[in-house]
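K.L.:
So I've got this file, run-v1.cif, and it contains mmCIF, C-alpha atoms and all ligand atoms:
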data_entry
loop_
_atom_site.group_PDB
_atom_site.id
_atom_site.type_symbol
_atom_site.label_atom_id
_atom_site.label_comp_id
_atom_site.auth_asym_id
_atom_site.auth_seq_id
_atom_site.Cartn_x
_atom_site.Cartn_y
_atom_site.Cartn_z
ATOM 1 C CA MET Q 149 159.003 153.249 126.838
ATOM 2 C CA SER Q 150 156.835 151.000 124.664
ATOM 3 C CA VAL Q 151 154.462 153.882 123.896
ATOM 4 C CA ARG Q 152 157.408 156.012 122.743
ATOM 5 C CA VAL Q 153 158.737 153.142 120.631
ATOM 6 C CA GLU Q 154 155.278 152.603 119.151
ATOM 7 C CA GLN Q 155 155.011 156.284 118.227
ATOM 8 C CA THR Q 156 158.466 156.218 116.634
ATOM 9 C CA LEU Q 157 157.548 153.054 114.744
ATOM 10 C CA ASP Q 158 154.456 154.795 113.416
ATOM 11 C CA GLN Q 159 156.618 157.729 112.259
ATOM 12 C CA LEU Q 160 159.050 155.355 110.566
ATOM 13 C CA ARG Q 161 156.173 153.511 108.903
ATOM 14 C CA GLU Q 162 154.921 156.814 107.491
ATOM 15 C CA GLU Q 163 158.406 157.819 106.305
ATOM 16 C CA ALA Q 164 158.967 154.421 104.660
ATOM 17 C CA ALA Q 165 155.653 154.780 102.841
ATOM 18 C CA ARG Q 166 157.203 157.742 100.978
ATOM 19 C CA CYS Q 167 160.543 156.010 100.294
ATOM 20 C CA THR Q 168 161.872 156.102 96.730
ATOM 21 C CA ALA Q 169 165.420 154.942 97.486
ATOM 22 C CA CYS Q 170 165.201 152.140 94.920
ATOM 23 C CA GLU Q 171 162.885 151.400 92.016
ATOM 24 C CA LEU Q 172 160.605 148.930 93.802
ATOM 25 C CA TRP Q 173 158.112 151.553 94.983
ATOM 26 C CA ARG Q 174 157.024 152.184 91.389
ATOM 27 C CA CYS Q 175 155.083 148.944 90.836
ATOM 28 C CA ALA Q 176 154.145 147.879 94.356
ATOM 29 C CA THR Q 177 150.836 148.798 95.979
ATOM 30 C CA GLN Q 178 152.335 150.032 99.246
ATOM 31 C CA THR Q 179 155.165 149.523 101.704
ATOM 32 C CA VAL Q 180 154.684 146.659 104.124
ATOM 33 C CA PHE Q 181 156.350 147.630 107.378
ATOM 34 C CA GLY Q 182 157.011 145.403 110.375
ATOM 35 C CA GLU Q 183 154.282 144.613 112.874
ATOM 36 C CA GLY Q 184 154.229 143.305 116.400
ATOM 37 C CA PRO Q 185 154.603 144.462 119.977
ATOM 38 C CA PRO Q 186 157.205 147.213 120.436
ATOM 39 C CA ASP Q 187 158.727 145.282 123.352
ATOM 40 C CA ALA Q 188 159.042 142.004 121.415
ATOM 41 C CA HIS Q 189 162.053 139.880 122.375
ATOM 42 C CA LEU Q 190 161.996 137.893 119.138
ATOM 43 C CA MET Q 191 162.087 139.464 115.675
ATOM 44 C CA LEU Q 192 161.364 137.513 112.491
ATOM 45 C CA VAL Q 193 162.762 138.894 109.237
ATOM 46 C CA GLY Q 194 161.567 137.601 105.870
ATOM 47 C CA GLU Q 195 162.610 138.592 102.369
ATOM 48 C CA GLN Q 196 159.904 140.932 101.086
ATOM 49 C CA PRO Q 197 156.120 141.156 101.021
ATOM 50 C CA GLY Q 198 154.374 138.718 98.706
ATOM 51 C CA ASP Q 199 151.296 139.247 96.564
ATOM 52 C CA GLN Q 200 148.821 139.140 99.454
ATOM 53 C CA GLU Q 201 151.021 141.168 101.784
ATOM 54 C CA ASP Q 202 151.366 143.853 99.106
ATOM 55 C CA LYS Q 203 147.592 144.053 98.691
ATOM 56 C CA GLN Q 204 146.740 143.926 102.393
ATOM 57 C CA GLY Q 205 149.671 145.963 103.714
ATOM 58 C CA HIS Q 206 150.639 143.495 106.458
ATOM 59 C CA PRO Q 207 153.585 141.067 106.702
ATOM 60 C CA PHE Q 208 153.102 137.294 106.515
ATOM 61 C CA VAL Q 209 149.374 137.227 105.770
ATOM 62 C CA GLY Q 210 149.573 135.080 102.613
ATOM 63 C CA PRO Q 211 150.264 131.363 102.123
ATOM 64 C CA ALA Q 212 153.826 131.611 103.508
ATOM 65 C CA GLY Q 213 152.432 133.416 106.536
ATOM 66 C CA ARG Q 214 150.123 130.492 107.224
ATOM 67 C CA VAL Q 215 153.116 128.128 107.097
ATOM 68 C CA LEU Q 216 154.958 130.448 109.472
ATOM 69 C CA ASP Q 217 151.985 130.338 111.865
ATOM 70 C CA GLN Q 218 152.090 126.525 111.787
ATOM 71 C CA ALA Q 219 155.835 126.474 112.493
ATOM 72 C CA LEU Q 220 155.474 128.990 115.324
ATOM 73 C CA GLY Q 221 152.730 126.821 116.772
ATOM 74 C CA LEU Q 222 154.933 123.727 116.635
ATOM 75 C CA ALA Q 223 157.723 125.689 118.304
ATOM 76 C CA GLU Q 224 155.241 126.899 120.966
ATOM 77 C CA ILE Q 225 155.882 130.557 120.106
ATOM 78 C CA ASP Q 226 152.912 132.905 120.373
ATOM 79 C CA ARG Q 227 152.897 134.974 117.174
ATOM 80 C CA SER Q 228 151.307 137.898 119.001
ATOM 81 C CA THR Q 229 154.543 138.249 121.016
ATOM 82 C CA VAL Q 230 156.777 138.423 117.945
ATOM 83 C CA PHE Q 231 157.737 141.386 115.743
ATOM 84 C CA ALA Q 232 157.580 140.291 112.095
ATOM 85 C CA THR Q 233 159.064 142.254 109.227
ATOM 86 C CA ASN Q 234 160.923 141.912 105.924
ATOM 87 C CA ALA Q 235 164.370 142.883 104.665
ATOM 88 C CA VAL Q 236 162.744 144.727 101.744
ATOM 89 C CA LYS Q 237 159.537 146.681 102.242
ATOM 90 C CA HIS Q 238 158.121 146.723 98.702
ATOM 91 C CA PHE Q 239 156.939 143.709 96.662
ATOM 92 C CA LYS Q 240 159.154 142.912 93.669
ATOM 93 C CA TYR Q 241 157.503 140.911 90.911
ATOM 94 C CA ARG Q 242 157.127 140.397 87.194
ATOM 95 C CA MET Q 243 153.870 139.787 85.344
ATOM 96 C CA ARG Q 244 153.106 136.366 83.862
ATOM 97 C CA GLY Q 245 149.730 136.762 82.203
ATOM 98 C CA LYS Q 246 147.592 138.244 84.954
ATOM 99 C CA ARG Q 247 149.681 136.785 87.772
ATOM 100 C CA ARG Q 248 152.358 138.673 89.696
ATOM 101 C CA ILE Q 249 155.369 136.399 90.098
ATOM 102 C CA HIS Q 250 157.787 137.021 92.953
ATOM 103 C CA GLN Q 251 161.274 138.231 92.005
ATOM 104 C CA ARG Q 252 164.204 138.103 94.397
ATOM 105 C CA PRO Q 253 165.519 141.583 95.296
ATOM 106 C CA THR Q 254 169.013 142.515 94.143
ATOM 107 C CA VAL Q 255 171.828 143.222 96.603
ATOM 108 C CA GLY Q 256 171.482 146.915 95.710
ATOM 109 C CA GLU Q 257 167.773 146.877 96.625
ATOM 110 C CA LEU Q 258 168.608 145.012 99.821
ATOM 111 C CA LYS Q 259 171.175 147.627 100.781
ATOM 112 C CA ALA Q 260 168.847 150.502 99.893
ATOM 113 C CA CYS Q 261 166.158 149.090 102.163
ATOM 114 C CA ARG Q 262 168.421 148.133 105.073
ATOM 115 C CA ARG Q 263 167.974 151.571 106.660
ATOM 116 C CA TRP Q 264 164.370 150.628 107.515
ATOM 117 C CA LEU Q 265 165.349 147.244 108.901
ATOM 118 C CA GLU Q 266 168.130 148.864 110.934
ATOM 119 C CA ALA Q 267 165.645 151.360 112.351
ATOM 120 C CA GLU Q 268 163.243 148.570 113.290
ATOM 121 C CA VAL Q 269 165.954 146.501 114.994
ATOM 122 C CA GLU Q 270 167.259 149.555 116.821
ATOM 123 C CA LEU Q 271 163.821 150.479 118.131
ATOM 124 C CA ILE Q 272 162.565 147.019 119.038
ATOM 125 C CA SER Q 273 165.974 145.930 120.364
ATOM 126 C CA PRO Q 274 165.132 142.215 120.238
ATOM 127 C CA ASP Q 275 167.108 139.564 122.135
ATOM 128 C CA VAL Q 276 167.379 137.522 118.965
ATOM 129 C CA THR Q 277 166.442 137.828 115.291
ATOM 130 C CA VAL Q 278 165.483 135.030 112.913
ATOM 131 C CA ALA Q 279 166.466 135.335 109.260
ATOM 132 C CA LEU Q 280 163.787 133.563 107.241
ATOM 133 C CA GLY Q 281 165.676 132.732 104.052
ATOM 134 C CA ALA Q 282 168.872 133.733 102.318
ATOM 135 C CA THR Q 283 167.874 137.322 101.533
ATOM 136 C CA ALA Q 284 167.053 138.098 105.157
ATOM 137 C CA ALA Q 285 170.266 136.359 106.248
ATOM 138 C CA HIS Q 286 172.244 138.523 103.828
ATOM 139 C CA SER Q 287 170.676 141.672 105.215
ATOM 140 C CA LEU Q 288 171.060 140.721 108.898
ATOM 141 C CA LEU Q 289 174.597 139.326 108.581
ATOM 142 C CA GLY Q 290 175.876 141.696 105.886
ATOM 143 C CA ARG Q 291 177.111 138.896 103.646
ATOM 144 C CA ALA Q 292 175.800 136.106 101.430
ATOM 145 C CA THR Q 293 175.033 133.232 103.794
ATOM 146 C CA PRO Q 294 174.268 129.685 102.549
ATOM 147 C CA ILE Q 295 171.300 128.437 104.571
ATOM 148 C CA GLY Q 296 172.368 124.790 104.621
ATOM 149 C CA GLU Q 297 175.628 125.467 106.453
ATOM 150 C CA SER Q 298 174.280 128.082 108.823
ATOM 151 C CA ARG Q 299 170.756 127.181 109.826
ATOM 152 C CA GLY Q 300 169.673 126.514 113.371
ATOM 153 C CA ARG Q 301 172.686 128.074 115.103
ATOM 154 C CA LEU Q 302 173.174 131.334 116.946
ATOM 155 C CA LEU Q 303 175.337 133.570 114.743
ATOM 156 C CA GLU Q 304 176.921 136.898 115.581
ATOM 157 C CA SER Q 305 176.085 139.784 113.282
ATOM 158 C CA PRO Q 306 178.661 142.448 112.471
ATOM 159 C CA LEU Q 307 175.747 144.856 111.947
ATOM 160 C CA PHE Q 308 173.358 144.174 114.812
ATOM 161 C CA ALA Q 309 173.796 143.494 118.517
ATOM 162 C CA ALA Q 310 171.283 140.655 118.701
ATOM 163 C CA PRO Q 311 172.350 137.160 117.610
ATOM 164 C CA VAL Q 312 170.834 135.807 114.405
ATOM 165 C CA VAL Q 313 169.317 132.385 113.784
ATOM 166 C CA VAL Q 314 169.191 131.549 110.089
ATOM 167 C CA THR Q 315 166.533 129.267 108.685
ATOM 168 C CA VAL Q 316 164.540 128.776 105.499
ATOM 169 C CA HIS Q 317 161.771 131.055 104.300
ATOM 170 C CA PRO Q 318 158.357 129.505 105.028
ATOM 171 C CA SER Q 319 157.510 129.599 101.300
ATOM 172 C CA SER Q 320 160.160 126.903 100.758
ATOM 173 C CA VAL Q 321 157.964 124.485 102.731
ATOM 174 C CA LEU Q 322 155.225 125.033 100.151
ATOM 175 C CA ARG Q 323 157.636 124.199 97.323
ATOM 176 C CA GLN Q 324 158.408 120.686 98.608
ATOM 177 C CA ARG Q 325 157.355 117.866 96.309
ATOM 178 C CA ASP Q 326 154.912 115.976 98.492
ATOM 179 C CA SER Q 327 153.177 116.048 101.844
ATOM 180 C CA GLU Q 328 155.879 114.013 103.597
ATOM 181 C CA GLU Q 329 158.603 116.431 102.461
ATOM 182 C CA ARG Q 330 156.445 119.390 103.441
ATOM 183 C CA ARG Q 331 155.861 117.873 106.889
ATOM 184 C CA ARG Q 332 159.621 117.339 107.360
ATOM 185 C CA ALA Q 333 160.488 120.844 106.157
ATOM 186 C CA LEU Q 334 157.918 122.335 108.516
ATOM 187 C CA GLN Q 335 159.364 120.385 111.453
ATOM 188 C CA GLU Q 336 162.876 121.588 110.562
ATOM 189 C CA LEU Q 337 161.689 125.197 110.381
ATOM 190 C CA ALA Q 338 160.032 124.798 113.799
ATOM 191 C CA ALA Q 339 163.251 123.314 115.228
ATOM 192 C CA ASP Q 340 165.213 126.387 114.079
ATOM 193 C CA LEU Q 341 162.592 128.689 115.612
ATOM 194 C CA ARG Q 342 162.978 126.805 118.915
ATOM 195 C CA VAL Q 343 166.699 127.705 118.921
ATOM 196 C CA ALA Q 344 165.716 131.380 118.823
ATOM 197 C CA ALA Q 345 162.947 130.920 121.395
ATOM 198 C CA ALA Q 346 165.466 129.401 123.809
ATOM 199 C CA VAL Q 347 167.373 132.709 123.851
ATOM 200 C CA VAL Q 348 164.349 134.604 125.174
ATOM 201 C CA ALA Q 349 163.000 131.875 127.475
HETATM 202 S S1 LIG C 401 162.036 148.628 98.640
HETATM 203 FE FE1 LIG C 401 162.784 149.730 100.445
HETATM 204 S S2 LIG C 401 164.417 151.112 99.663
HETATM 205 FE FE2 LIG C 401 163.198 150.438 97.898
HETATM 206 S S3 LIG C 401 161.659 152.058 97.656
HETATM 207 FE FE3 LIG C 401 160.744 150.444 98.931
HETATM 208 S S4 LIG C 401 161.084 151.088 101.036
HETATM 209 FE FE4 LIG C 401 162.493 152.280 99.734
#
The structure given in the file should be rewritten as structure tokens.
P.N.:
Amino acid sequence: MSVRVEQTLDQLREEAARCTACELWRCATQTVFGEGPPDAHLMLVGEQPGDQEDKQGHPFVGPAGRVLDQALGLAEIDRSTVFATNAVKHFKYRMRGKRRIHQRPTVGELKACRRWLEAEVELISPDVTVALGATAAHSLLGRATPIGESRGRLLESPLFAAPVVVTVHPSSVLRQRDSEERRRALQELAADLRVAAAVVA
């Protein structure tokens, strides 16, 4: 079963690498598809690859990925057991000097890319998904979802069978003003991840 799923995931990854369903493929280095065990019970969904992810071709390997690792550690979740992906598979950015600055995907880009997320969720069939940030929440729940009102609870999705836990994107921890605020934000992210972990325990 897992071998078949892994093979199908590889096929999907190859198909997505040729995707031109929106304009984001033009400037990005490559698609960044989901990674993790094909029998994962917990799926993490972020917004889109960042600068490092785009260059390396793997999800959550940049600064936000390191924050995510810390939060998973606090929540006592082994990252190697989790399938991690993004709502949008190509990096969207604008140039500022020589730096590539992240740009939030539009709803149209989100919808165009949902076919890949749907395929991943269908194949992995997780017990629970975690939406890391508002863009992922929008894609998983099919509607704009304010994080503040929704975070840390099990929500039903009209699009997917698995319940969704909404929380912040790990990059928001990095944007806090000082170390105390970053520590608190990290603890809150870990608390939301624990809600998801409890579903698969
Ligand atoms: S962002 Fe998604 S829909 Fe757009 S080109 Fe890339 S893979 Fe295709």
K.L.:
Using only C-alpha atoms and all ligand atoms, which residues have at least one atom no more than 10 Å from ligand LIG 401 (chain C)? Output them as a PyMOL selection string.
P.N.:
chain Q and resi 161+163-176+178-181+196-197+234-240+253+256-265
K.L.:
I would like the residues chosen by the PyMOL selection byres (((chain Q and resi 317) around 7) and not hetatm) on the shown file; could you give them as a PyMOL selection string?
P.N.:
chain Q and resi 194+280-281+315-316+318-320
K.L.:
Take the PyMOL selection byres (((chain Q and resi 273) around 10) and not hetatm), run it mentally on this structure, and tell me the resulting residues as a PyMOL selection string.
P.N.:
chain Q and resi 186-191+267-272+274-277+308-310
K.L.:
I'd like the residues picked by the PyMOL selection byres (((chain Q and resi 241) around 6) and not hetatm) written out as a ChimeraX atom specification, using the chain letters and numbers from the file.
P.N.:
/Q:240,242,248-251
K.L.:
From the options Q:Leu157, Q:Ala212, Q:Ile225, Q:Met243, which residue's atoms come nearest to Ala349 in chain Q, counting all atoms listed in the file?
P.N.:
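Closest candidate: Q:Ile225.
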K.L.:
For a test of reading the model, state the distance in Å between CA of Ala219 in chain Q and CA of Leu334 in chain Q, rounded to one decimal.
P.N.:
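CA of Ala219 in chain Q sits 6.1 Å away from CA of Leu334 in chain Q.
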K.L.:
Quick one: distance from CA of Arg152 in chain Q to CA of Leu192 in chain Q in Å, one decimal?
P.N.:
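Between these atoms lies a distance of 21.5 Å.
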K.L.:
Quick check, in Å to one decimal: how far apart do CA of Ala333 in chain Q and CA of Arg252 in chain Q lie?
P.N.:
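Interatomic distance here is 21.2 Å.
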K.L.:
Nearest to Arg227 in chain Q among Q:Pro311, Q:Gly245, Q:Pro185, Q:Pro294, with distances taken over all atoms listed in the file: which residue is it?
P.N.:
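Of the candidates, the smallest distance to Arg227 in chain Q is held by Q:Pro185.
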